[in-house]
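**Student:** One structure, as structure tokens, below. Some questions next.
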Amino acid sequence: MDYRGRFAPSPTGHLHFGSLVAAVGSWLCARHAGGQWLLRVEDIDPPREMPGSAESILAALPAFGLTADAPPLFQSTRIAAYDAAFEQLKAAGQVFPCWCSRNDLAGGLHWDGQCLAAPVEGRAPAWRLRVPDIEIAFDDALQGPQRQNLRTAAGDFVIRRVEGYYAYQLACVVDDAYQGITQVVRGNDLLDSTPRQIYLQRCLGLPTPGYMHLPLALDGSGRKLSKSEHAHPIDPTNPLPALRRALAFLDLPASPLTREPAALLTQALEQFSAERLPHCSERAAG
Ligand code: GLU
């Protein structure tokens with residue numbers, strides 16, 4: 001099968017260092033495999049979105065030499081496909097409505113069944129996927145063998161929120177299949193979402209791609225970098241410093257003498273192999 005990779009930013013802000021690393025890593029893997037690199041804007045959570053962010057991210061990528069093989073897919077145009085997946089799960093009895101409030105859930109991490117007995121008139125429910133006591137195992141290309149008991153780790157998780165928005169897990173799975181993605185390369189903060197996505201793929205009869213989770217970028221005090229973006233600004237009008245740092249973060253060559261982003265990427269590609277990428281789960285951004 002031909003390799004198809006993707007970069008799937010959420011338009012909640014400008015491109016930051018962690019997402020640049022995911023973009024560079026997924027682009028290099030796709031180019032190294034002679035495959036395609038696709039874009040997907042995950043704009044299905046309006047309350048969290050920042051106006052202009054999608055445009056800003058999409059405009060920044062070519063400045064870093066990261067060119068895609070097709071126009072981006074916007075998840076906001078894909079609601080009918082999520083509706084169809086949701087109806088499929090509903091028809092199979094795999095989802096149920098949940099009226100629990102945040103307060104109801106505050107005592108424990110997981111839904112505990114209480115709302116089944118108490119639908120609230122006039123209030124829309126969230127919809128949860130029924131999760132059996134099941135172990136999901138997969139081999140991550142960098143993080144190695146993974147195993148998660150979905151019942152204890154995630155419980156009956158929400159796939160459609162009270163406001164009617166579809167959850168990231170459902171939209172991601174439907175669109176990875178729609179875009180024909182064969183390898184998902186993304187940040188390690190999503191490692192623990194992967195078993196939920198694999199389980200959803202099984203419920204919906206969709207293929208499971210390969211997964212590679214890149215180390216999470218931390219700031220000097222060990223916090224996830226996206227929480228302190230100001231310390232590591234990404235400037236598309238001056239792309240070389242951030243691109244060099246992103247390549248160095250991935251243990252790839254980044255010559256100080258090379259003056260073009262595309263040339264830096266080509267040099268990294270010449271020496272690229274997935275084995276030489278860092279296998280750790282997180283590291284300082286440098
Ligand atoms: N949209 C997600 C994010 O920006 C990434 C989703 C994914 O790569 O699966 O964190």
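Residues in the structure tokens are numbered from 1 in each chain, the chains being A, B, ... in the order shown, and ligands are numbered from 1 in the order shown.
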List as a tab-separated table every residue of chain A that is in contact with ligand 1, defined as an atom at most 8 Å from one of its atoms (using only C-alpha atoms and all ligand atoms), together with the nearest atom pair and the distance in Å rounded to one decimal, sorted by chain and then rising number.
**Tutor:**
residue	atom	partner	partner_atom_place_in_ligand_line	distance
A:Arg6	CA	ligand 1	8 (O)	7.8
A:Phe7	CA	ligand 1	8 (O)	6.2
A:Ala8	CA	ligand 1	8 (O)	4.9
A:Pro9	CA	ligand 1	4 (O)	3.8
A:Ser10	CA	ligand 1	4 (O)	4.1
A:Pro11	CA	ligand 1	4 (O)	7.5
A:Ser19	CA	ligand 1	4 (O)	7.0
A:Val41	CA	ligand 1	1 (N)	7.4
A:Glu42	CA	ligand 1	1 (N)	5.4
A:Tyr168	CA	ligand 1	1 (N)	7.7
A:Cys172	CA	ligand 1	9 (O)	6.1
A:Val184	CA	ligand 1	8 (O)	7.1
A:Val185	CA	ligand 1	8 (O)	7.1
A:Arg186	CA	ligand 1	8 (O)	5.0
A:Gly187	CA	ligand 1	8 (O)	7.2
A:Leu190	CA	ligand 1	9 (O)	6.9
**Student:** Would you list the contacts of A:Arg245 as a PDB file with all heavy atoms, in the first residue's frame, taking every protein, DNA or RNA residue within 12 Å and counting only C-alpha atoms, but skipping same-chain residues closer than 5 positions in sequence?
**Tutor:**
ATOM      1  N   PHE A  17       6.028  25.340  18.552  1.00  0.00           N
ATOM      2  CA  PHE A  17       7.169  24.446  18.326  1.00  0.00           C
ATOM      3  C   PHE A  17       6.751  22.976  18.296  1.00  0.00           C
ATOM      4  O   PHE A  17       7.188  22.212  17.435  1.00  0.00           O
ATOM      5  CB  PHE A  17       8.250  24.691  19.391  1.00  0.00           C
ATOM      6  CG  PHE A  17       9.488  23.873  19.136  1.00  0.00           C
ATOM      7  CD1 PHE A  17      10.370  24.210  18.112  1.00  0.00           C
ATOM      8  CD2 PHE A  17       9.768  22.744  19.897  1.00  0.00           C
ATOM      9  CE1 PHE A  17      11.498  23.445  17.849  1.00  0.00           C
ATOM     10  CE2 PHE A  17      10.900  21.975  19.647  1.00  0.00           C
ATOM     11  CZ  PHE A  17      11.766  22.332  18.626  1.00  0.00           C
ATOM     12  N   GLY A  18       5.878  22.581  19.224  1.00  0.00           N
ATOM     13  CA  GLY A  18       5.443  21.174  19.272  1.00  0.00           C
ATOM     14  C   GLY A  18       4.752  20.766  17.978  1.00  0.00           C
ATOM     15  O   GLY A  18       4.971  19.661  17.461  1.00  0.00           O
ATOM     16  N   LEU A  20       5.184  22.244  15.066  1.00  0.00           N
ATOM     17  CA  LEU A  20       6.189  22.256  13.983  1.00  0.00           C
ATOM     18  C   LEU A  20       6.958  20.930  13.972  1.00  0.00           C
ATOM     19  O   LEU A  20       7.214  20.362  12.902  1.00  0.00           O
ATOM     20  CB  LEU A  20       7.152  23.442  14.161  1.00  0.00           C
ATOM     21  CG  LEU A  20       8.260  23.532  13.101  1.00  0.00           C
ATOM     22  CD1 LEU A  20       7.675  23.758  11.706  1.00  0.00           C
ATOM     23  CD2 LEU A  20       9.250  24.661  13.445  1.00  0.00           C
ATOM     24  N   VAL A  21       7.286  20.412  15.145  1.00  0.00           N
ATOM     25  CA  VAL A  21       7.978  19.116  15.228  1.00  0.00           C
ATOM     26  C   VAL A  21       7.103  18.012  14.617  1.00  0.00           C
ATOM     27  O   VAL A  21       7.586  17.181  13.834  1.00  0.00           O
ATOM     28  CB  VAL A  21       8.349  18.780  16.693  1.00  0.00           C
ATOM     29  CG1 VAL A  21       8.740  17.314  16.850  1.00  0.00           C
ATOM     30  CG2 VAL A  21       9.470  19.690  17.180  1.00  0.00           C
ATOM     31  N   VAL A  24       7.113  18.547  10.792  1.00  0.00           N
ATOM     32  CA  VAL A  24       8.395  18.153  10.195  1.00  0.00           C
ATOM     33  C   VAL A  24       8.559  16.631  10.239  1.00  0.00           C
ATOM     34  O   VAL A  24       8.939  15.998   9.242  1.00  0.00           O
ATOM     35  CB  VAL A  24       9.572  18.857  10.926  1.00  0.00           C
ATOM     36  CG1 VAL A  24      10.915  18.256  10.527  1.00  0.00           C
ATOM     37  CG2 VAL A  24       9.565  20.354  10.636  1.00  0.00           C
ATOM     38  N   ALA A 217       7.672  17.965  23.324  1.00  0.00           N
ATOM     39  CA  ALA A 217       8.646  19.027  23.596  1.00  0.00           C
ATOM     40  C   ALA A 217       8.314  19.715  24.918  1.00  0.00           C
ATOM     41  O   ALA A 217       7.190  20.163  25.142  1.00  0.00           O
ATOM     42  CB  ALA A 217       8.621  20.039  22.454  1.00  0.00           C
ATOM     43  N   HIS A 232       9.197  30.129  23.058  1.00  0.00           N
ATOM     44  CA  HIS A 232       9.772  29.523  21.843  1.00  0.00           C
ATOM     45  C   HIS A 232       8.973  29.964  20.620  1.00  0.00           C
ATOM     46  O   HIS A 232       8.284  29.160  20.009  1.00  0.00           O
ATOM     47  CB  HIS A 232       9.759  27.994  21.948  1.00  0.00           C
ATOM     48  CG  HIS A 232      10.624  27.482  23.045  1.00  0.00           C
ATOM     49  ND1 HIS A 232      11.922  27.076  22.846  1.00  0.00           N
ATOM     50  CD2 HIS A 232      10.381  27.331  24.361  1.00  0.00           C
ATOM     51  CE1 HIS A 232      12.429  26.685  24.002  1.00  0.00           C
ATOM     52  NE2 HIS A 232      11.528  26.829  24.933  1.00  0.00           N
ATOM     53  N   PRO A 233       9.016  31.249  20.283  1.00  0.00           N
ATOM     54  CA  PRO A 233       8.169  31.723  19.191  1.00  0.00           C
ATOM     55  C   PRO A 233       8.578  31.124  17.856  1.00  0.00           C
ATOM     56  O   PRO A 233       9.751  30.841  17.616  1.00  0.00           O
ATOM     57  CB  PRO A 233       8.396  33.239  19.208  1.00  0.00           C
ATOM     58  CG  PRO A 233       9.705  33.424  19.893  1.00  0.00           C
ATOM     59  CD  PRO A 233       9.890  32.277  20.825  1.00  0.00           C
ATOM     60  N   ILE A 234       7.588  30.908  17.035  1.00  0.00           N
ATOM     61  CA  ILE A 234       7.821  30.379  15.704  1.00  0.00           C
ATOM     62  C   ILE A 234       7.507  31.518  14.750  1.00  0.00           C
ATOM     63  O   ILE A 234       6.387  32.016  14.735  1.00  0.00           O
ATOM     64  CB  ILE A 234       6.842  29.203  15.438  1.00  0.00           C
ATOM     65  CG1 ILE A 234       7.109  28.063  16.398  1.00  0.00           C
ATOM     66  CG2 ILE A 234       6.915  28.742  13.997  1.00  0.00           C
ATOM     67  CD1 ILE A 234       8.426  27.390  16.199  1.00  0.00           C
ATOM     68  N   PRO A 239      12.119  31.580   9.147  1.00  0.00           N
ATOM     69  CA  PRO A 239      11.855  30.177   9.513  1.00  0.00           C
ATOM     70  C   PRO A 239      13.085  29.372   9.923  1.00  0.00           C
ATOM     71  O   PRO A 239      12.946  28.348  10.601  1.00  0.00           O
ATOM     72  CB  PRO A 239      11.252  29.586   8.229  1.00  0.00           C
ATOM     73  CG  PRO A 239      11.754  30.452   7.121  1.00  0.00           C
ATOM     74  CD  PRO A 239      11.937  31.825   7.703  1.00  0.00           C
ATOM     75  N   LEU A 240      14.294  29.828   9.537  1.00  0.00           N
ATOM     76  CA  LEU A 240      15.460  28.951   9.732  1.00  0.00           C
ATOM     77  C   LEU A 240      15.741  28.584  11.190  1.00  0.00           C
ATOM     78  O   LEU A 240      15.979  27.405  11.482  1.00  0.00           O
ATOM     79  CB  LEU A 240      16.700  29.577   9.082  1.00  0.00           C
ATOM     80  CG  LEU A 240      16.681  29.527   7.540  1.00  0.00           C
ATOM     81  CD1 LEU A 240      17.803  30.372   6.963  1.00  0.00           C
ATOM     82  CD2 LEU A 240      16.778  28.099   7.040  1.00  0.00           C
ATOM     83  N   LEU A 250      14.685  16.368  16.674  1.00  0.00           N
ATOM     84  CA  LEU A 250      14.458  15.008  16.146  1.00  0.00           C
ATOM     85  C   LEU A 250      15.775  14.288  15.852  1.00  0.00           C
ATOM     86  O   LEU A 250      15.789  13.266  15.146  1.00  0.00           O
ATOM     87  CB  LEU A 250      13.597  15.099  14.875  1.00  0.00           C
ATOM     88  CG  LEU A 250      12.144  15.556  15.097  1.00  0.00           C
ATOM     89  CD1 LEU A 250      11.438  15.823  13.774  1.00  0.00           C
ATOM     90  CD2 LEU A 250      11.370  14.501  15.905  1.00  0.00           C
ATOM     91  N   ASP A 251      16.888  14.818  16.381  1.00  0.00           N
ATOM     92  CA  ASP A 251      18.227  14.226  16.178  1.00  0.00           C
ATOM     93  C   ASP A 251      18.608  14.156  14.705  1.00  0.00           C
ATOM     94  O   ASP A 251      19.324  13.240  14.279  1.00  0.00           O
ATOM     95  CB  ASP A 251      18.309  12.812  16.794  1.00  0.00           C
ATOM     96  CG  ASP A 251      18.326  12.855  18.317  1.00  0.00           C
ATOM     97  OD1 ASP A 251      18.607  13.939  18.876  1.00  0.00           O
ATOM     98  OD2 ASP A 251      18.054  11.816  18.948  1.00  0.00           O
ATOM     99  N   LEU A 252      18.136  15.135  13.929  1.00  0.00           N
ATOM    100  CA  LEU A 252      18.458  15.159  12.506  1.00  0.00           C
ATOM    101  C   LEU A 252      19.425  16.312  12.227  1.00  0.00           C
ATOM    102  O   LEU A 252      19.451  17.299  12.966  1.00  0.00           O
ATOM    103  CB  LEU A 252      17.172  15.327  11.682  1.00  0.00           C
ATOM    104  CG  LEU A 252      16.241  14.111  11.774  1.00  0.00           C
ATOM    105  CD1 LEU A 252      14.851  14.449  11.255  1.00  0.00           C
ATOM    106  CD2 LEU A 252      16.829  12.926  11.018  1.00  0.00           C
ATOM    107  N   PRO A 253      20.235  16.204  11.159  1.00  0.00           N
ATOM    108  CA  PRO A 253      21.222  17.242  10.870  1.00  0.00           C
ATOM    109  C   PRO A 253      20.546  18.557  10.490  1.00  0.00           C
ATOM    110  O   PRO A 253      19.494  18.555   9.844  1.00  0.00           O
ATOM    111  CB  PRO A 253      21.986  16.673   9.671  1.00  0.00           C
ATOM    112  CG  PRO A 253      21.066  15.696   9.049  1.00  0.00           C
ATOM    113  CD  PRO A 253      20.230  15.134  10.155  1.00  0.00           C
ATOM    114  N   ALA A 254      21.140  19.656  10.941  1.00  0.00           N
ATOM    115  CA  ALA A 254      20.595  20.982  10.645  1.00  0.00           C
ATOM    116  C   ALA A 254      21.775  21.937  10.495  1.00  0.00           C
ATOM    117  O   ALA A 254      22.141  22.635  11.433  1.00  0.00           O
ATOM    118  CB  ALA A 254      19.660  21.419  11.755  1.00  0.00           C
ATOM    119  N   SER A 255      22.371  21.932   9.329  1.00  0.00           N
ATOM    120  CA  SER A 255      23.600  22.702   9.122  1.00  0.00           C
ATOM    121  C   SER A 255      23.372  24.199   9.290  1.00  0.00           C
ATOM    122  O   SER A 255      22.420  24.752   8.721  1.00  0.00           O
ATOM    123  CB  SER A 255      24.140  22.433   7.714  1.00  0.00           C
ATOM    124  OG  SER A 255      25.084  23.427   7.392  1.00  0.00           O
ATOM    125  N   PRO A 256      24.254  24.846  10.059  1.00  0.00           N
ATOM    126  CA  PRO A 256      24.123  26.307  10.202  1.00  0.00           C
ATOM    127  C   PRO A 256      24.439  27.027   8.890  1.00  0.00           C
ATOM    128  O   PRO A 256      24.161  28.217   8.750  1.00  0.00           O
ATOM    129  CB  PRO A 256      25.148  26.646  11.285  1.00  0.00           C
ATOM    130  CG  PRO A 256      26.072  25.488  11.356  1.00  0.00           C
ATOM    131  CD  PRO A 256      25.339  24.284  10.850  1.00  0.00           C
ATOM    132  N   LEU A 264      17.342  22.635   3.843  1.00  0.00           N
ATOM    133  CA  LEU A 264      17.558  21.994   5.153  1.00  0.00           C
ATOM    134  C   LEU A 264      16.781  20.678   5.233  1.00  0.00           C
ATOM    135  O   LEU A 264      17.289  19.658   5.709  1.00  0.00           O
ATOM    136  CB  LEU A 264      17.059  22.902   6.275  1.00  0.00           C
ATOM    137  CG  LEU A 264      18.054  23.798   6.996  1.00  0.00           C
ATOM    138  CD1 LEU A 264      17.334  24.572   8.096  1.00  0.00           C
ATOM    139  CD2 LEU A 264      19.196  22.984   7.599  1.00  0.00           C
ATOM    140  N   ALA A 284      13.550  18.093  26.353  1.00  0.00           N
ATOM    141  CA  ALA A 284      13.567  19.555  26.360  1.00  0.00           C
ATOM    142  C   ALA A 284      13.733  20.080  24.936  1.00  0.00           C
ATOM    143  O   ALA A 284      14.389  19.460  24.101  1.00  0.00           O
ATOM    144  CB  ALA A 284      14.718  20.038  27.237  1.00  0.00           C
ATOM    145  N   ALA A 285      13.100  21.202  24.665  1.00  0.00           N
ATOM    146  CA  ALA A 285      13.074  21.739  23.298  1.00  0.00           C
ATOM    147  C   ALA A 285      14.434  22.318  22.898  1.00  0.00           C
ATOM    148  O   ALA A 285      14.667  22.551  21.713  1.00  0.00           O
ATOM    149  CB  ALA A 285      11.993  22.788  23.173  1.00  0.00           C
ATOM    150  N   GLY A 286      15.318  22.551  23.825  1.00  0.00           N
ATOM    151  CA  GLY A 286      16.654  23.024  23.465  1.00  0.00           C
ATOM    152  C   GLY A 286      16.683  24.520  23.181  1.00  0.00           C
ATOM    153  O   GLY A 286      15.675  25.180  23.139  1.00  0.00           O
TER     154      GLY A 286
END
**Student:** Between atom CA of A:Glu87 and atom CA of A:Pro47, what is the distance in Å, rounded to a tenth?
**Tutor:**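 Those two atoms sit 24.7 Å apart.
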**Student:** Which residues, written as a ChimeraX atom specification, have at least one atom at most 12 Å from A:Leu66, with only C-alpha atoms counted and residues fewer than 5 positions away on the same chain left out?
**Tutor:** /A:6-7,20-28,30-31,36-39,57-61,236,239,243,261-266
**Student:** Output N, CA and C atoms of each residue in that selection to a file, as an mmCIF file, in the first residue's frame.
**Tutor:**
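Writing the result to again27.cif gives the following:
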data_model
loop_
_atom_site.group_PDB
_atom_site.id
_atom_site.type_symbol
_atom_site.label_atom_id
_atom_site.label_comp_id
_atom_site.auth_asym_id
_atom_site.auth_seq_id
_atom_site.Cartn_x
_atom_site.Cartn_y
_atom_site.Cartn_z
ATOM 1 N N ARG A 6 -0.021 12.403 7.411
ATOM 2 C CA ARG A 6 -0.800 13.644 7.534
ATOM 3 C C ARG A 6 -0.316 14.478 8.711
ATOM 4 N N PHE A 7 -0.659 15.753 8.640
ATOM 5 C CA PHE A 7 -0.473 16.669 9.761
ATOM 6 C C PHE A 7 -1.851 17.276 10.016
ATOM 7 N N LEU A 20 5.184 22.244 15.066
ATOM 8 C CA LEU A 20 6.189 22.256 13.983
ATOM 9 C C LEU A 20 6.958 20.930 13.972
ATOM 10 N N VAL A 21 7.286 20.412 15.145
ATOM 11 C CA VAL A 21 7.978 19.116 15.228
ATOM 12 C C VAL A 21 7.103 18.012 14.617
ATOM 13 N N ALA A 22 5.806 18.020 14.939
ATOM 14 C CA ALA A 22 4.901 17.004 14.371
ATOM 15 C C ALA A 22 4.807 17.155 12.858
ATOM 16 N N ALA A 23 4.767 18.404 12.381
ATOM 17 C CA ALA A 23 4.682 18.642 10.938
ATOM 18 C C ALA A 23 5.963 18.164 10.243
ATOM 19 N N VAL A 24 7.113 18.547 10.792
ATOM 20 C CA VAL A 24 8.395 18.153 10.195
ATOM 21 C C VAL A 24 8.559 16.631 10.239
ATOM 22 N N GLY A 25 8.249 16.030 11.380
ATOM 23 C CA GLY A 25 8.415 14.575 11.530
ATOM 24 C C GLY A 25 7.521 13.805 10.572
ATOM 25 N N SER A 26 6.254 14.221 10.469
ATOM 26 C CA SER A 26 5.327 13.480 9.589
ATOM 27 C C SER A 26 5.681 13.723 8.126
ATOM 28 N N TRP A 27 6.134 14.923 7.799
ATOM 29 C CA TRP A 27 6.545 15.245 6.407
ATOM 30 C C TRP A 27 7.750 14.395 6.008
ATOM 31 N N LEU A 28 8.748 14.328 6.894
ATOM 32 C CA LEU A 28 9.967 13.561 6.564
ATOM 33 C C LEU A 28 9.655 12.072 6.399
ATOM 34 N N ALA A 30 6.846 10.744 5.462
ATOM 35 C CA ALA A 30 6.102 10.550 4.206
ATOM 36 C C ALA A 30 7.035 10.666 2.998
ATOM 37 N N ARG A 31 7.885 11.681 2.999
ATOM 38 C CA ARG A 31 8.798 11.878 1.856
ATOM 39 C C ARG A 31 9.813 10.734 1.778
ATOM 40 N N GLN A 36 2.653 10.231 0.237
ATOM 41 C CA GLN A 36 1.976 11.524 0.217
ATOM 42 C C GLN A 36 1.880 12.087 1.631
ATOM 43 N N TRP A 37 1.848 13.407 1.686
ATOM 44 C CA TRP A 37 1.685 14.107 2.960
ATOM 45 C C TRP A 37 0.458 15.000 2.839
ATOM 46 N N LEU A 38 -0.545 14.741 3.691
ATOM 47 C CA LEU A 38 -1.819 15.450 3.593
ATOM 48 C C LEU A 38 -2.040 16.322 4.828
ATOM 49 N N LEU A 39 -2.887 17.319 4.658
ATOM 50 C CA LEU A 39 -3.209 18.226 5.759
ATOM 51 C C LEU A 39 -4.674 18.096 6.137
ATOM 52 N N ILE A 57 -1.697 28.971 10.289
ATOM 53 C CA ILE A 57 -0.944 27.705 10.286
ATOM 54 C C ILE A 57 -0.693 27.253 8.839
ATOM 55 N N LEU A 58 -1.742 27.313 8.006
ATOM 56 C CA LEU A 58 -1.592 26.838 6.621
ATOM 57 C C LEU A 58 -0.618 27.712 5.836
ATOM 58 N N ALA A 59 -0.569 29.005 6.159
ATOM 59 C CA ALA A 59 0.364 29.893 5.456
ATOM 60 C C ALA A 59 1.793 29.671 5.952
ATOM 61 N N ALA A 60 1.936 29.272 7.225
ATOM 62 C CA ALA A 60 3.283 29.109 7.797
ATOM 63 C C ALA A 60 3.980 27.873 7.232
ATOM 64 N N LEU A 61 3.237 26.798 6.977
ATOM 65 C CA LEU A 61 3.880 25.532 6.597
ATOM 66 C C LEU A 61 4.798 25.664 5.373
ATOM 67 N N PRO A 236 7.308 32.522 10.941
ATOM 68 C CA PRO A 236 7.379 32.063 9.545
ATOM 69 C C PRO A 236 8.120 33.044 8.633
ATOM 70 N N PRO A 239 12.119 31.580 9.147
ATOM 71 C CA PRO A 239 11.855 30.177 9.513
ATOM 72 C C PRO A 239 13.085 29.372 9.923
ATOM 73 N N LEU A 243 13.194 25.981 12.390
ATOM 74 C CA LEU A 243 13.299 24.732 11.643
ATOM 75 C C LEU A 243 14.547 23.965 12.084
ATOM 76 N N PRO A 261 14.975 26.844 3.877
ATOM 77 C CA PRO A 261 14.238 25.783 4.574
ATOM 78 C C PRO A 261 14.137 24.505 3.738
ATOM 79 N N ALA A 262 13.808 24.644 2.445
ATOM 80 C CA ALA A 262 13.640 23.433 1.627
ATOM 81 C C ALA A 262 14.946 22.652 1.540
ATOM 82 N N ALA A 263 16.085 23.378 1.480
ATOM 83 C CA ALA A 263 17.386 22.708 1.398
ATOM 84 C C ALA A 263 17.709 22.002 2.722
ATOM 85 N N LEU A 264 17.342 22.635 3.843
ATOM 86 C CA LEU A 264 17.558 21.994 5.153
ATOM 87 C C LEU A 264 16.781 20.678 5.233
ATOM 88 N N LEU A 265 15.523 20.719 4.748
ATOM 89 C CA LEU A 265 14.697 19.507 4.779
ATOM 90 C C LEU A 265 15.284 18.435 3.868
ATOM 91 N N THR A 266 15.778 18.845 2.704
ATOM 92 C CA THR A 266 16.368 17.868 1.776
ATOM 93 C C THR A 266 17.579 17.199 2.417
#
**Student:** From a DSSP pass on the backbone, collect the residues of stretch 183-270 of chain A flagged as strand (DSSP E or B) and hand them back as a PyMOL selection string.
**Tutor:** chain A and resi 183-187+210-214+216-218+224
**Student:** What does the file look like for those residues with all heavy atoms, as a compact mmCIF listing (two decimals), in the first residue's frame?
**Tutor:**
# COMPACT_ATOMS: atom_id res chain seq x y z
N GLN A 183 -0.06 5.87 7.97
CA GLN A 183 0.84 6.05 9.11
C GLN A 183 0.54 7.38 9.79
O GLN A 183 0.64 8.43 9.14
CB GLN A 183 2.30 6.01 8.63
CG GLN A 183 3.33 6.13 9.73
CD GLN A 183 3.60 4.80 10.45
OE1 GLN A 183 3.31 3.74 9.93
NE2 GLN A 183 4.15 4.88 11.65
N VAL A 184 0.17 7.34 11.05
CA VAL A 184 -0.07 8.55 11.83
C VAL A 184 1.22 8.88 12.59
O VAL A 184 1.71 8.05 13.36
CB VAL A 184 -1.23 8.33 12.82
CG1 VAL A 184 -1.34 9.50 13.80
CG2 VAL A 184 -2.55 8.13 12.06
N VAL A 185 1.78 10.06 12.34
CA VAL A 185 2.96 10.53 13.06
C VAL A 185 2.54 11.80 13.78
O VAL A 185 2.12 12.77 13.15
CB VAL A 185 4.13 10.82 12.09
CG1 VAL A 185 5.35 11.34 12.86
CG2 VAL A 185 4.49 9.59 11.29
N ARG A 186 2.61 11.81 15.12
CA ARG A 186 2.13 12.96 15.88
C ARG A 186 2.81 12.98 17.24
O ARG A 186 3.62 12.11 17.56
CB ARG A 186 0.60 12.87 16.02
CG ARG A 186 0.13 11.63 16.75
CD ARG A 186 -1.39 11.49 16.71
NE ARG A 186 -1.83 10.25 17.34
CZ ARG A 186 -3.06 9.78 17.26
NH1 ARG A 186 -3.99 10.45 16.60
NH2 ARG A 186 -3.40 8.65 17.86
N GLY A 187 2.46 13.97 18.04
CA GLY A 187 3.12 14.14 19.34
C GLY A 187 2.69 13.10 20.35
O GLY A 187 1.58 12.56 20.30
N GLY A 210 -0.64 2.55 10.94
CA GLY A 210 0.48 2.46 11.86
C GLY A 210 0.57 3.75 12.67
O GLY A 210 0.05 4.79 12.24
N TYR A 211 1.21 3.68 13.83
CA TYR A 211 1.34 4.87 14.67
C TYR A 211 2.79 5.10 15.07
O TYR A 211 3.52 4.15 15.37
CB TYR A 211 0.49 4.73 15.94
CG TYR A 211 -0.99 4.85 15.66
CD1 TYR A 211 -1.77 3.72 15.45
CD2 TYR A 211 -1.60 6.10 15.56
CE1 TYR A 211 -3.13 3.83 15.16
CE2 TYR A 211 -2.95 6.21 15.27
CZ TYR A 211 -3.71 5.09 15.07
OH TYR A 211 -5.04 5.19 14.77
N MET A 212 3.17 6.38 15.05
CA MET A 212 4.49 6.79 15.55
C MET A 212 4.28 8.06 16.37
O MET A 212 3.78 9.06 15.85
CB MET A 212 5.44 7.08 14.39
CG MET A 212 6.79 7.61 14.86
SD MET A 212 7.81 8.27 13.53
CE MET A 212 8.46 6.78 12.81
N HIS A 213 4.63 7.99 17.65
CA HIS A 213 4.46 9.16 18.51
C HIS A 213 5.81 9.78 18.83
O HIS A 213 6.66 9.14 19.46
CB HIS A 213 3.68 8.78 19.77
CG HIS A 213 2.23 8.51 19.48
ND1 HIS A 213 1.77 7.27 19.07
CD2 HIS A 213 1.14 9.34 19.46
CE1 HIS A 213 0.45 7.35 18.85
NE2 HIS A 213 0.06 8.59 19.08
N LEU A 214 5.98 11.02 18.39
CA LEU A 214 7.25 11.74 18.56
C LEU A 214 7.34 12.28 19.99
O LEU A 214 6.31 12.59 20.60
CB LEU A 214 7.31 12.92 17.58
CG LEU A 214 7.19 12.53 16.10
CD1 LEU A 214 6.97 13.79 15.24
CD2 LEU A 214 8.45 11.80 15.64
N LEU A 216 7.43 14.45 23.19
CA LEU A 216 6.76 15.71 23.51
C LEU A 216 7.83 16.75 23.85
O LEU A 216 8.78 16.44 24.58
CB LEU A 216 5.86 15.45 24.72
CG LEU A 216 4.82 16.49 25.04
CD1 LEU A 216 3.86 16.66 23.88
CD2 LEU A 216 4.05 16.04 26.29
N ALA A 217 7.67 17.97 23.32
CA ALA A 217 8.65 19.03 23.60
C ALA A 217 8.31 19.72 24.92
O ALA A 217 7.19 20.16 25.14
CB ALA A 217 8.62 20.04 22.45
N LEU A 218 9.32 19.76 25.78
CA LEU A 218 9.13 20.39 27.09
C LEU A 218 9.94 21.68 27.16
O LEU A 218 10.98 21.81 26.51
CB LEU A 218 9.61 19.45 28.21
CG LEU A 218 8.97 18.07 28.27
CD1 LEU A 218 9.57 17.28 29.43
CD2 LEU A 218 7.46 18.19 28.44
N LYS A 224 4.89 21.02 29.26
CA LYS A 224 4.59 20.88 27.85
C LYS A 224 4.77 22.25 27.19
O LYS A 224 4.25 23.25 27.67
CB LYS A 224 3.15 20.38 27.68
CG LYS A 224 2.76 20.15 26.26
CD LYS A 224 1.34 19.59 26.15
CE LYS A 224 0.84 19.79 24.73
NZ LYS A 224 -0.50 19.34 24.49
**Student:** Would you compute the distance between atom CA of A:Gln94 and atom CA of A:Pro125? Give it in Å to one decimal.
**Tutor:**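 Answer for the atom CA of A:Gln94 to atom CA of A:Pro125 separation: 15.4 Å.
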**Student:** Extract, using only C-alpha atoms, all DNA, RNA and protein residues at most 10 Å from A:Ser273, discarding same-chain residues fewer than 2 positions from it, and format them as a list in words.
**Tutor:** Leu28, Cys29, His32, Ala33, Leu252, Ala268, Leu269, Glu270, Gln271, Glu275, Arg276 and Leu277 of chain A
**Student:** Pick from A:Gly155, A:His14, A:Ser281, A:Gly93: nearest to A:Glu49, with only C-alpha atoms counted?
**Tutor:**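 Smallest distance to A:Glu49 is found for A:His14.
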**Student:** Quick one: everything within 10 Å of A:Cys203, counting only C-alpha atoms, minus sequence neighbours fewer than 4 positions away in the same chain. Send it as a list in words.
**Tutor:**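 Those residues are Ala85, Gln88, Leu89, Ala92, Gln94, Leu129, Gln197, Ile198 and Tyr199 of chain A.
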**Student:** Do you know which residues are at most 12 Å from A:Ile134 counting only C-alpha atoms, after dropping those on the same chain fewer than 6 positions away, and could you put them as number ranges by chain?
**Tutor:** A: 147-156, 195-196, 198-199
**Student:** Could you tell me which of A:Leu247, A:Ala68, A:Leu142, A:Val162 comes closest to A:Cys280 if we count only C-alpha atoms?
**Tutor:**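 Selected residue with least distance to A:Cys280: A:Leu142.
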**Student:** Counting only C-alpha atoms, figure out which residue out of A:Gly144, A:Gly13, A:Pro132, A:Pro97 gets nearest to A:Val120.
**Tutor:**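 Counting only C-alpha atoms, the residue closest to A:Val120 is A:Pro97.
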**Student:** Considering only C-alpha atoms, state which residue in the set A:Phe138, A:Tyr3, A:Phe74, A:Phe157 is at the smallest distance from A:Thr208.
**Tutor:** A:Phe138
**Student:** Tell me, which residues of stretch 14-256 of chain A carry DSSP helix (DSSP H, G or I), written as a PyMOL selection string?
**Tutor:** chain A and resi 17-32+46-48+53-63+75-77+79-91+102-105+114-117+150-153+168-178+188-204+225-231+239-249
